Amino acid sequence: MALVDVCGFQDWNQEEFPLGIRKRFLDKGHDFTFGVRNRELSVPLGLDPVEFLKPYSEGEEAVRINLQHGTTTLAFKFEHGVIVAVDSRASAGNYLASVDANKVIEINPYLLGTMSGSAADCQYWERLLAKQCRLYKLRNKQRISVSAASKLLSNMMCEYRGMGLSMGSMICGWDKKGPGLYYVDDNGTRLSGNMFSTGCGNCYAYGVVDSGYRYDLGVEDACDLARRAIYHATHRDAYTGGFVNMYHMREDGWIKVSKDNVGELHYKYAAEKQNLAQ
Amino acid sequence: MEYLIGIQGTDFVLVSSDTVAASSIVAMKHDYDKMFKLSEKIMLLCVGEAGDTVQFAEYIQKNVQLYKMRNGYELSPTAAANFTRKNLAEYLRSRTPYHVNMLLAGCDEHEGPALYYMDYLAALAKAPFAAHGYGAFLTLSILDRYYKPDLTREEAVELLKKCLQEIQKRFILNLPSFTVRIIDNNGVHDMEQISVADL
């Protein structure tokens, strides 16, 4: 009761130790505590990750850690589900580490996560999310909702706020409430919406999708719109390119629609434009 | 970039916020709700740094609900405001300060309507009207000029519209729509969204 709190009375019989000392090591639903008593980062005493990183990211040091979100990914909801389209260029500064990177993680047959930002961060945290989703399903005998999955990821990001994580992700799925699309960010943003695009090429993708989007698009047209949007982003953004990987999230799960080489798309669209002009 | 405004009347508080969720130069969402319902008669409007707003506001929201569950009655707006301020102040000098600016609006049977202004340095002030964001620079003088303590609901909405018109006219960024809610002794009531067309 309120008076109990004000007096600072501690009732040791009650909630704290129903199973005695063993309760501390039981899994509370956050496996990454690894059984430690106080949930805090395992760093050496005196080391503060946020303070350590500040001079290199915002401050006065000559050496700067410049985190680029070199990618374009997009996803939008429409009448027949959710379309997810990503590029496949992995850049390390000015060097192309890969032309065929996989930026979509298939969490389960009804959940997809896209990756933009630091590849390591995205892969690690989204795999951790996949593990949490699987554990949820085992514990609760039903699939996790898209909202809960995105909240789990968002909370993971918030826990490491200011420590230099770089991740912009979209969690797409189909649950009891229908198609779901959430944008989750390394600074803790979590937004639900009908259309998102992430990465440094996102502005170009927004332009194309916004001008061609209708809720009642057919599946073929929606795929074409997404493909064009990524293509236009690869055309203008240096850090986007490779292949357009496309997924379609339907009521019975996701399917991989297509994988198109952006170079071939370029000549195909150019030829179409010429045909229209004639 | 974001805008919050609150106007207190005789037995109600009118609050409004813009509905744009932005990330650098891109508006990611156009119908984002920046108000959090703490209890039947208390609303918390929260803007600031990206992840901090939702995390802090939901933390306060859940704790207010927990108080009700444990003690059987709801916190008054004054108590909720001071609780919020205390938490903000505690986190201020920690490793993870929350950069959030808030308005807390509530209606109590005994105290009447109350509007509290809170900023990221954990300052708390009870005020008859208040605003946050760049838009506040443009609209506080309008509130100073036309506010009366015995505003009716219609007059308060007119005053709010005057402020939003000024934002439309003089603020360099585009804020196309605003959610509006009114809190009185019967609880929180949603009012019609005000968009550019209505102004």
# chains A, B, ... in the order shown; residues from 1 in each chain; ligands from 1
call {"tool": "residues_around", "arguments": {"residues": "B:Ser17", "least_positions_apart": "6", "cutoff": "8 Å", "atoms": "only C-alpha atoms", "output": "list in words"}}
result
Glu2, Tyr3, Leu4, Ile5, Asp33, Lys34, Met35, Leu45, Phe178, Thr179 and Val180 of chain B
call {"tool": "interface_residues", "arguments": {"of": "chain A", "to": "chain B", "cutoff": "9 Å", "atoms": "only C-alpha atoms", "output": "ChimeraX atom specification"}}
result
/A:1-2,48,50-51,154-155,157-158,161-162,185-197,202-203
call {"tool": "select_by_dssp", "arguments": {"residues": "stretch 90-150 of chain B", "states": "alpha helix (DSSP H)", "output": "ChimeraX atom specification"}}
result
/B:90-92,134-146
call {"tool": "write_last_selection", "arguments": {"atoms": "C-alpha atoms", "output": "tab-separated table (two decimals), in the first residue's frame"}}
result
chain	number	residue	atom	x	y	z
B	90	GLU	CA	16.90	11.12	-11.08
B	91	TYR	CA	17.83	10.05	-14.59
B	92	LEU	CA	19.21	13.50	-15.42
B	134	TYR	CA	9.88	25.91	-32.11
B	135	GLY	CA	6.18	26.58	-32.62
B	136	ALA	CA	6.05	27.79	-29.02
B	137	PHE	CA	8.10	30.85	-29.94
B	138	LEU	CA	5.43	31.81	-32.42
B	139	THR	CA	2.35	31.04	-30.35
B	140	LEU	CA	3.06	31.93	-26.71
B	141	SER	CA	2.39	35.61	-27.37
B	142	ILE	CA	-0.96	34.74	-28.95
B	143	LEU	CA	-1.83	32.82	-25.81
B	144	ASP	CA	-0.66	35.74	-23.66
B	145	ARG	CA	-2.83	38.16	-25.65
B	146	TYR	CA	-6.09	36.24	-25.92
call {"tool": "closest_residue", "arguments": {"among": "B:Leu160, B:Met118, B:Gly112, B:Ser177", "to": "B:Tyr147", "atoms": "only C-alpha atoms"}}
result
B:Leu160
call {"tool": "residues_around", "arguments": {"residues": "stretch 230-239 of chain A", "least_positions_apart": "2", "cutoff": "10 Å", "atoms": "only C-alpha atoms", "output": "mmCIF file with N, CA, C and O atoms, in the first residue's frame"}}
result
data_model
loop_
_atom_site.group_PDB
_atom_site.id
_atom_site.type_symbol
_atom_site.label_atom_id
_atom_site.label_comp_id
_atom_site.auth_asym_id
_atom_site.auth_seq_id
_atom_site.Cartn_x
_atom_site.Cartn_y
_atom_site.Cartn_z
ATOM 1 N N GLN A 68 27.724 4.801 -41.588
ATOM 2 C CA GLN A 68 26.858 5.067 -42.728
ATOM 3 C C GLN A 68 25.821 3.971 -42.839
ATOM 4 O O GLN A 68 26.129 2.818 -42.652
ATOM 5 N N HIS A 69 24.601 4.368 -43.182
ATOM 6 C CA HIS A 69 23.586 3.350 -43.435
ATOM 7 C C HIS A 69 23.547 3.086 -44.923
ATOM 8 O O HIS A 69 22.632 3.503 -45.624
ATOM 9 N N GLY A 70 24.580 2.401 -45.445
ATOM 10 C CA GLY A 70 24.720 2.239 -46.891
ATOM 11 C C GLY A 70 23.822 1.180 -47.474
ATOM 12 O O GLY A 70 24.227 0.033 -47.619
ATOM 13 N N THR A 71 22.639 1.562 -47.839
ATOM 14 C CA THR A 71 21.648 0.558 -48.248
ATOM 15 C C THR A 71 20.395 1.275 -48.700
ATOM 16 O O THR A 71 20.220 2.453 -48.424
ATOM 17 N N THR A 72 19.517 0.541 -49.421
ATOM 18 C CA THR A 72 18.126 0.990 -49.468
ATOM 19 C C THR A 72 17.257 -0.222 -49.235
ATOM 20 O O THR A 72 17.422 -1.249 -49.894
ATOM 21 N N THR A 73 16.329 -0.102 -48.301
ATOM 22 C CA THR A 73 15.331 -1.160 -48.126
ATOM 23 C C THR A 73 13.985 -0.474 -48.072
ATOM 24 O O THR A 73 13.883 0.679 -47.657
ATOM 25 N N LEU A 74 12.956 -1.164 -48.510
ATOM 26 C CA LEU A 74 11.628 -0.579 -48.376
ATOM 27 C C LEU A 74 10.602 -1.671 -48.140
ATOM 28 O O LEU A 74 10.823 -2.839 -48.466
ATOM 29 N N ALA A 85 11.212 -5.096 -50.232
ATOM 30 C CA ALA A 85 12.231 -5.103 -51.281
ATOM 31 C C ALA A 85 13.505 -4.495 -50.723
ATOM 32 O O ALA A 85 13.467 -3.470 -50.045
ATOM 33 N N VAL A 86 14.644 -5.137 -50.994
ATOM 34 C CA VAL A 86 15.928 -4.641 -50.488
ATOM 35 C C VAL A 86 16.963 -4.728 -51.602
ATOM 36 O O VAL A 86 16.799 -5.504 -52.543
ATOM 37 N N ASP A 87 18.041 -3.927 -51.454
ATOM 38 C CA ASP A 87 19.136 -4.060 -52.410
ATOM 39 C C ASP A 87 20.117 -5.082 -51.841
ATOM 40 O O ASP A 87 19.833 -5.718 -50.830
ATOM 41 N N SER A 88 21.276 -5.256 -52.480
ATOM 42 C CA SER A 88 22.189 -6.290 -51.983
ATOM 43 C C SER A 88 23.637 -5.816 -51.968
ATOM 44 O O SER A 88 24.553 -6.630 -52.041
ATOM 45 N N ARG A 89 23.849 -4.497 -51.855
ATOM 46 C CA ARG A 89 25.235 -4.011 -51.861
ATOM 47 C C ARG A 89 25.714 -3.852 -50.427
ATOM 48 O O ARG A 89 25.067 -3.168 -49.624
ATOM 49 N N ALA A 90 26.866 -4.469 -50.107
ATOM 50 C CA ALA A 90 27.466 -4.287 -48.785
ATOM 51 C C ALA A 90 28.747 -3.488 -48.979
ATOM 52 O O ALA A 90 29.687 -3.958 -49.614
ATOM 53 N N SER A 91 28.772 -2.244 -48.467
ATOM 54 C CA SER A 91 29.942 -1.394 -48.684
ATOM 55 C C SER A 91 30.706 -1.206 -47.381
ATOM 56 O O SER A 91 30.105 -1.078 -46.317
ATOM 57 N N ALA A 92 32.031 -1.218 -47.485
ATOM 58 C CA ALA A 92 32.882 -0.905 -46.333
ATOM 59 C C ALA A 92 33.659 0.337 -46.728
ATOM 60 O O ALA A 92 34.735 0.243 -47.318
ATOM 61 N N GLY A 93 33.090 1.515 -46.435
ATOM 62 C CA GLY A 93 33.674 2.758 -46.932
ATOM 63 C C GLY A 93 33.474 2.817 -48.434
ATOM 64 O O GLY A 93 32.353 2.720 -48.927
ATOM 65 N N ASN A 94 34.579 2.944 -49.187
ATOM 66 C CA ASN A 94 34.457 3.003 -50.639
ATOM 67 C C ASN A 94 34.672 1.657 -51.304
ATOM 68 O O ASN A 94 34.679 1.556 -52.521
ATOM 69 N N TYR A 95 34.826 0.632 -50.526
ATOM 70 C CA TYR A 95 35.081 -0.695 -51.070
ATOM 71 C C TYR A 95 33.796 -1.499 -51.018
ATOM 72 O O TYR A 95 33.054 -1.455 -50.035
ATOM 73 N N LEU A 96 33.523 -2.244 -52.089
ATOM 74 C CA LEU A 96 32.331 -3.084 -52.080
ATOM 75 C C LEU A 96 32.694 -4.430 -51.494
ATOM 76 O O LEU A 96 33.368 -5.247 -52.125
ATOM 77 N N SER A 197 10.868 3.285 -45.668
ATOM 78 C CA SER A 197 12.078 2.979 -46.414
ATOM 79 C C SER A 197 13.254 3.412 -45.564
ATOM 80 O O SER A 197 13.219 4.463 -44.936
ATOM 81 N N GLY A 199 17.802 3.415 -44.854
ATOM 82 C CA GLY A 199 19.085 3.410 -45.533
ATOM 83 C C GLY A 199 19.346 4.767 -46.169
ATOM 84 O O GLY A 199 18.480 5.635 -46.198
ATOM 85 N N CYS A 200 20.568 4.945 -46.696
ATOM 86 C CA CYS A 200 20.884 6.271 -47.243
ATOM 87 C C CYS A 200 20.213 6.520 -48.578
ATOM 88 O O CYS A 200 20.156 7.646 -49.052
ATOM 89 N N GLY A 201 19.669 5.491 -49.203
ATOM 90 C CA GLY A 201 18.943 5.718 -50.447
ATOM 91 C C GLY A 201 17.455 5.850 -50.246
ATOM 92 O O GLY A 201 16.682 5.839 -51.206
ATOM 93 N N ASN A 202 17.035 6.011 -48.974
ATOM 94 C CA ASN A 202 15.594 5.947 -48.706
ATOM 95 C C ASN A 202 14.813 7.081 -49.354
ATOM 96 O O ASN A 202 13.677 6.879 -49.802
ATOM 97 N N CYS A 203 15.440 8.255 -49.445
ATOM 98 C CA CYS A 203 14.695 9.384 -50.026
ATOM 99 C C CYS A 203 14.313 9.108 -51.477
ATOM 100 O O CYS A 203 13.203 9.473 -51.915
ATOM 101 N N TYR A 204 15.198 8.443 -52.211
ATOM 102 C CA TYR A 204 14.884 8.145 -53.613
ATOM 103 C C TYR A 204 13.756 7.125 -53.699
ATOM 104 O O TYR A 204 12.860 7.241 -54.541
ATOM 105 N N ALA A 205 13.802 6.137 -52.832
ATOM 106 C CA ALA A 205 12.741 5.127 -52.837
ATOM 107 C C ALA A 205 11.404 5.739 -52.452
ATOM 108 O O ALA A 205 10.377 5.436 -53.057
ATOM 109 N N TYR A 206 11.403 6.640 -51.454
ATOM 110 C CA TYR A 206 10.160 7.300 -51.051
ATOM 111 C C TYR A 206 9.536 8.012 -52.228
ATOM 112 O O TYR A 206 8.331 7.972 -52.450
ATOM 113 N N GLY A 207 10.375 8.697 -53.008
ATOM 114 C CA GLY A 207 9.839 9.468 -54.132
ATOM 115 C C GLY A 207 9.063 8.594 -55.095
ATOM 116 O O GLY A 207 7.938 8.931 -55.494
ATOM 117 N N VAL A 208 9.646 7.452 -55.458
ATOM 118 C CA VAL A 208 8.991 6.603 -56.452
ATOM 119 C C VAL A 208 7.755 5.920 -55.866
ATOM 120 O O VAL A 208 6.685 5.896 -56.491
ATOM 121 N N VAL A 209 7.857 5.388 -54.652
ATOM 122 C CA VAL A 209 6.705 4.678 -54.090
ATOM 123 C C VAL A 209 5.561 5.640 -53.811
ATOM 124 O O VAL A 209 4.407 5.355 -54.120
ATOM 125 N N LEU A 225 6.220 -1.877 -58.597
ATOM 126 C CA LEU A 225 6.480 -0.580 -57.959
ATOM 127 C C LEU A 225 7.681 -0.668 -57.021
ATOM 128 O O LEU A 225 8.585 0.178 -57.049
ATOM 129 N N ALA A 226 7.707 -1.725 -56.215
ATOM 130 C CA ALA A 226 8.821 -1.880 -55.257
ATOM 131 C C ALA A 226 10.137 -2.066 -55.997
ATOM 132 O O ALA A 226 11.162 -1.474 -55.638
ATOM 133 N N ARG A 227 10.097 -2.872 -57.063
ATOM 134 C CA ARG A 227 11.317 -3.127 -57.833
ATOM 135 C C ARG A 227 11.849 -1.833 -58.427
ATOM 136 O O ARG A 227 13.038 -1.542 -58.378
ATOM 137 N N ARG A 228 10.926 -1.025 -58.997
ATOM 138 C CA ARG A 228 11.339 0.244 -59.591
ATOM 139 C C ARG A 228 11.914 1.185 -58.542
ATOM 140 O O ARG A 228 12.892 1.877 -58.800
ATOM 141 N N GLY A 241 22.994 -0.951 -54.521
ATOM 142 C CA GLY A 241 23.149 -1.575 -55.832
ATOM 143 C C GLY A 241 23.059 -3.080 -55.751
ATOM 144 O O GLY A 241 22.594 -3.631 -54.746
ATOM 145 N N GLY A 242 23.486 -3.758 -56.803
ATOM 146 C CA GLY A 242 23.521 -5.219 -56.793
ATOM 147 C C GLY A 242 22.244 -5.820 -57.329
ATOM 148 O O GLY A 242 21.918 -5.674 -58.506
ATOM 149 N N PHE A 243 21.519 -6.497 -56.449
ATOM 150 C CA PHE A 243 20.274 -7.152 -56.837
ATOM 151 C C PHE A 243 19.122 -6.566 -56.042
ATOM 152 O O PHE A 243 19.315 -6.067 -54.936
ATOM 153 N N VAL A 244 17.905 -6.683 -56.606
ATOM 154 C CA VAL A 244 16.706 -6.332 -55.853
ATOM 155 C C VAL A 244 16.095 -7.632 -55.365
ATOM 156 O O VAL A 244 15.613 -8.450 -56.166
ATOM 157 N N ASN A 245 16.151 -7.858 -54.055
ATOM 158 C CA ASN A 245 15.523 -9.053 -53.484
ATOM 159 C C ASN A 245 14.132 -8.678 -53.013
ATOM 160 O O ASN A 245 13.967 -7.736 -52.243
ATOM 161 N N MET A 246 13.138 -9.425 -53.478
ATOM 162 C CA MET A 246 11.759 -9.059 -53.154
ATOM 163 C C MET A 246 11.021 -10.191 -52.474
ATOM 164 O O MET A 246 11.100 -11.342 -52.904
ATOM 165 N N ASP A 260 16.339 -9.665 -58.886
ATOM 166 C CA ASP A 260 16.665 -9.107 -60.199
ATOM 167 C C ASP A 260 17.957 -8.329 -60.149
ATOM 168 O O ASP A 260 18.180 -7.546 -59.236
ATOM 169 N N ASN A 261 18.773 -8.515 -61.167
ATOM 170 C CA ASN A 261 20.009 -7.755 -61.276
ATOM 171 C C ASN A 261 19.663 -6.325 -61.690
ATOM 172 O O ASN A 261 18.959 -6.106 -62.685
ATOM 173 N N VAL A 262 20.188 -5.368 -60.947
ATOM 174 C CA VAL A 262 19.836 -3.973 -61.191
ATOM 175 C C VAL A 262 20.308 -3.504 -62.570
ATOM 176 O O VAL A 262 19.643 -2.696 -63.237
ATOM 177 N N GLY A 263 21.437 -4.038 -63.006
ATOM 178 C CA GLY A 263 21.947 -3.665 -64.334
ATOM 179 C C GLY A 263 20.956 -4.027 -65.426
ATOM 180 O O GLY A 263 20.669 -3.233 -66.329
ATOM 181 N N LEU A 265 17.768 -4.506 -65.039
ATOM 182 C CA LEU A 265 16.571 -3.673 -64.882
ATOM 183 C C LEU A 265 16.765 -2.327 -65.570
ATOM 184 O O LEU A 265 15.840 -1.786 -66.176
ATOM 185 N N HIS A 266 17.993 -1.803 -65.461
ATOM 186 C CA HIS A 266 18.277 -0.487 -66.044
ATOM 187 C C HIS A 266 17.967 -0.481 -67.523
ATOM 188 O O HIS A 266 17.245 0.393 -68.025
ATOM 189 N N TYR A 269 14.125 -0.961 -68.243
ATOM 190 C CA TYR A 269 13.287 0.226 -68.059
ATOM 191 C C TYR A 269 13.603 1.275 -69.118
ATOM 192 O O TYR A 269 12.710 1.999 -69.565
#
call {"tool": "atom_distance", "arguments": {"atom1": "atom CA of B:Gln61", "atom2": "atom CA of A:Ile144"}}
result
23.6 Å
call {"tool": "residues_around", "arguments": {"residues": "A:Lys176", "least_positions_apart": "4", "cutoff": "10 Å", "atoms": "only C-alpha atoms", "output": "list of chain:residue names"}}
result
A:Arg143, A:Ile144, A:Ser145, A:Val146, A:Gly180, A:Glu251
call {"tool": "write_last_selection", "arguments": {"atoms": "C-alpha atoms", "output": "PDB file, in the first residue's frame"}}
result
ATOM      1  CA  ARG A 143       3.238 -17.226 -32.625  1.00  0.00           C
ATOM      2  CA  ILE A 144       4.464 -13.864 -31.407  1.00  0.00           C
ATOM      3  CA  SER A 145       2.626 -10.824 -32.760  1.00  0.00           C
ATOM      4  CA  VAL A 146       4.471  -8.406 -35.035  1.00  0.00           C
ATOM      5  CA  GLY A 180       1.942  -5.720 -39.716  1.00  0.00           C
ATOM      6  CA  GLU A 251      -1.746 -14.485 -44.919  1.00  0.00           C
TER       7      GLU A 251
END
call {"tool": "residues_around", "arguments": {"residues": "stretch 119-130 of chain A", "least_positions_apart": "6", "cutoff": "10 Å", "atoms": "only C-alpha atoms", "output": "count of residues only"}}
result
33
call {"tool": "select_by_dssp", "arguments": {"residues": "stretch 31-228 of chain A", "states": "strand (DSSP E)", "output": "VMD selection string"}}
result
chain A and resid 73 to 78 81 to 86 90 to 92 95 to 98 104 to 108 111 to 114 116 to 117 167 to 175 178 to 185 190 to 192 195 to 198
call {"tool": "residues_around", "arguments": {"residues": "B:Ala127", "least_positions_apart": "5", "cutoff": "12 Å", "atoms": "only C-alpha atoms", "output": "PyMOL selection string"}}
result
chain B and resi 5-9+13+103-105+113-118+143-144+147+149
call {"tool": "closest_residue", "arguments": {"among": "A:Ala271, A:Val84, A:Leu135, A:Cys172", "to": "A:Pro109", "atoms": "only C-alpha atoms"}}
result
A:Cys172
call {"tool": "atom_distance", "arguments": {"atom1": "atom CA of A:Ala97", "atom2": "atom CA of A:Lys268"}}
result
26.7 Å
